[in-house]
Amino acid sequence: MKKAAFLFALILAVILFPLQSLEAHPGRTDANGGHTCRTNCEKWGLKYGEYHYHNKGSNSSGGRSSGNSQAKPATPKPPAAKPVQQPKPVAPKVIVAVEQANVFAAPSADSPVTTTLWYGFELVDSGTHPEFVAIGQGFVSKKVITSYTPITPKTVSIHAEKGFFFATPSAESRGRGYAVQHALVQVVGEHGDWYYGSTQDAQGNVLVGFVSKSVAY
């Protein structure tokens, strides 16, 4: 009985040994149960340097598996928005609003007159007096001045039968003349509902002053 069992074990070993030889080849396996083929790779149906598993439950042709997934590339941040620069406010221009404005030697109407200025003459105040504008030649009363805000020069036309021009941006101020219908006006400034500019009157003379935007556009 023992002899029969020994023969059976010997026959079984002879049968299983070739099968193990077909499934294995030289080289130790790593902790994952696989390794890289370096010897007689074609004999085992592998390419040189190919990593494979001896565990049939694993993928024998793919690369070495890893428990950690590949990190996704970081999404680039959009460039920071540049702050919007607000346009600088345009300083109004101060001009003489009468035909002749006296320039006094001191900030007083009782002081000597040094010179006179004409309508539309631009004044740059270099002082802080409440009643007078200080300029290089002396002092001009603030009662005879007005102002407008400069704009990009443009051309408008008179759409009324007569377009009246005034000394200040008010129909209550002194009139300076009128331009006929369709006359062109060269505008350089504005003050509320009024344009400040120049044109020609009915006689062909130069006319400067404020004209309402309701009749000139």
# chains A, B, ... in the order shown; residues from 1 in each chain; ligands from 1

$ residues_around --residues "range 101-114 of chain A" --least-positions-apart "3" --cutoff "7 Å" --atoms "only C-alpha atoms" --output "tab-separated table (two decimals) with C-alpha atoms, in the first residue's frame"
chain	number	residue	atom	x	y	z
A	96	VAL	CA	-14.35	137.29	-18.50
A	98	VAL	CA	-18.33	141.34	-19.93
A	117	LEU	CA	-9.62	142.57	-20.29
A	118	TRP	CA	-12.09	141.61	-23.03
A	132	PHE	CA	-11.62	138.69	-6.56
A	137	GLN	CA	-1.78	141.89	-13.70
A	138	GLY	CA	-3.85	142.37	-10.53
A	139	PHE	CA	-7.35	141.49	-9.35
A	140	VAL	CA	-10.61	140.93	-11.27
A	144	VAL	CA	-17.78	139.86	-14.06

$ atom_distance --atom1 "CA of His182 in chain A" --atom2 "CA of Ala202 in chain A"
11.4 Å

$ residues_around --residues "range 196-200 of chain A" --least-positions-apart "6" --cutoff "8 Å" --atoms "only C-alpha atoms" --output "list in words"
Tyr148, Ala179, Ala183, Leu184, Val185, Gln186, Val187, Val188, Gly189, Glu190, Val206, Leu207, Val208, Gly209, Phe210 and Val211 of chain A

$ closest_residue --among "A:Lys43, A:Tyr51, A:Ser170, A:Pro92" --to "Asp30 in chain A" --atoms "only C-alpha atoms"
A:Tyr51

$ closest_residue --among "A:Pro79, A:His191, A:Ser126, A:Tyr217" --to "Ala160 in chain A" --atoms "only C-alpha atoms"
A:Tyr217

$ select_by_dssp --residues "range 57-216 of chain A" --states "strand (DSSP E or B)" --output "PyMOL selection string"
chain A and resi 93-96+100-104+113-118+122-123+132-135+138-141+145-158+162-166+175-180+184-191+194-200+206-212+216

$ closest_residue --among "A:Ser141, A:Tyr195, A:Phe121, A:Tyr178" --to "Thr155 in chain A" --atoms "only C-alpha atoms"
A:Tyr195

$ residues_around --residues "Gly49 in chain A" --least-positions-apart "3" --cutoff "6 Å" --atoms "only C-alpha atoms" --output "list in words"
Thr36, Cys37 and Arg38 of chain A

$ atom_distance --atom1 "CA of Thr149 in chain A" --atom2 "CA of Ala91 in chain A"
6.8 Å

$ select_by_dssp --residues "range 38-179 of chain A" --states "helix (DSSP H, G or I)" --output "list in words"
Glu42, Lys43, Trp44, Lys142, Lys143 and Val144 of chain A

$ atom_distance --atom1 "CA of Asp125 in chain A" --atom2 "CA of Lys154 in chain A"
27.3 Å

$ decode --residues "range 147-168 of chain A" --atoms "N, CA and C atoms" --output "compact mmCIF listing (two decimals), in the first residue's frame"
# COMPACT_ATOMS: atom_id res chain seq x y z
N SER A 147 -17.85 130.63 -16.25
CA SER A 147 -16.99 129.46 -16.49
C SER A 147 -17.69 128.45 -17.38
N TYR A 148 -16.89 127.54 -17.93
CA TYR A 148 -17.40 126.41 -18.72
C TYR A 148 -16.43 125.25 -18.58
N THR A 149 -16.92 124.05 -18.87
CA THR A 149 -16.08 122.85 -18.81
C THR A 149 -15.59 122.52 -20.22
N PRO A 150 -14.27 122.43 -20.43
CA PRO A 150 -13.76 122.12 -21.77
C PRO A 150 -14.21 120.73 -22.23
N ILE A 151 -14.51 120.59 -23.50
CA ILE A 151 -14.85 119.31 -24.11
C ILE A 151 -14.05 119.17 -25.40
N THR A 152 -14.09 117.98 -25.98
CA THR A 152 -13.44 117.78 -27.27
C THR A 152 -14.14 118.67 -28.30
N PRO A 153 -13.40 119.52 -28.99
CA PRO A 153 -14.05 120.43 -29.94
C PRO A 153 -14.91 119.69 -30.96
N LYS A 154 -16.06 120.27 -31.26
CA LYS A 154 -16.96 119.69 -32.25
C LYS A 154 -17.76 120.80 -32.92
N THR A 155 -18.46 120.43 -33.98
CA THR A 155 -19.26 121.40 -34.73
C THR A 155 -20.73 121.03 -34.63
N VAL A 156 -21.56 122.00 -34.27
CA VAL A 156 -23.01 121.83 -34.26
C VAL A 156 -23.61 122.92 -35.14
N SER A 157 -24.91 122.83 -35.38
CA SER A 157 -25.55 123.85 -36.23
C SER A 157 -26.80 124.39 -35.55
N ILE A 158 -27.18 125.59 -35.94
CA ILE A 158 -28.37 126.24 -35.39
C ILE A 158 -29.61 125.65 -36.07
N HIS A 159 -30.57 125.17 -35.27
CA HIS A 159 -31.78 124.56 -35.82
C HIS A 159 -33.01 125.45 -35.65
N ALA A 160 -32.88 126.53 -34.92
CA ALA A 160 -33.99 127.49 -34.81
C ALA A 160 -33.82 128.57 -35.87
N GLU A 161 -34.85 129.38 -36.04
CA GLU A 161 -34.74 130.47 -37.02
C GLU A 161 -33.61 131.42 -36.64
N LYS A 162 -33.47 131.65 -35.32
CA LYS A 162 -32.37 132.46 -34.80
C LYS A 162 -31.79 131.75 -33.58
N GLY A 163 -30.49 131.66 -33.53
CA GLY A 163 -29.83 131.09 -32.36
C GLY A 163 -29.13 132.19 -31.59
N PHE A 164 -29.70 132.54 -30.43
CA PHE A 164 -29.18 133.67 -29.66
C PHE A 164 -28.01 133.22 -28.77
N PHE A 165 -26.99 134.08 -28.72
CA PHE A 165 -25.82 133.84 -27.88
C PHE A 165 -25.85 134.81 -26.70
N PHE A 166 -25.46 134.27 -25.51
CA PHE A 166 -25.49 135.07 -24.29
C PHE A 166 -24.11 135.10 -23.65
N ALA A 167 -23.91 136.10 -22.76
CA ALA A 167 -22.61 136.29 -22.12
C ALA A 167 -22.30 135.20 -21.11
N THR A 168 -23.33 134.65 -20.47
CA THR A 168 -23.17 133.57 -19.50
C THR A 168 -24.17 132.47 -19.86
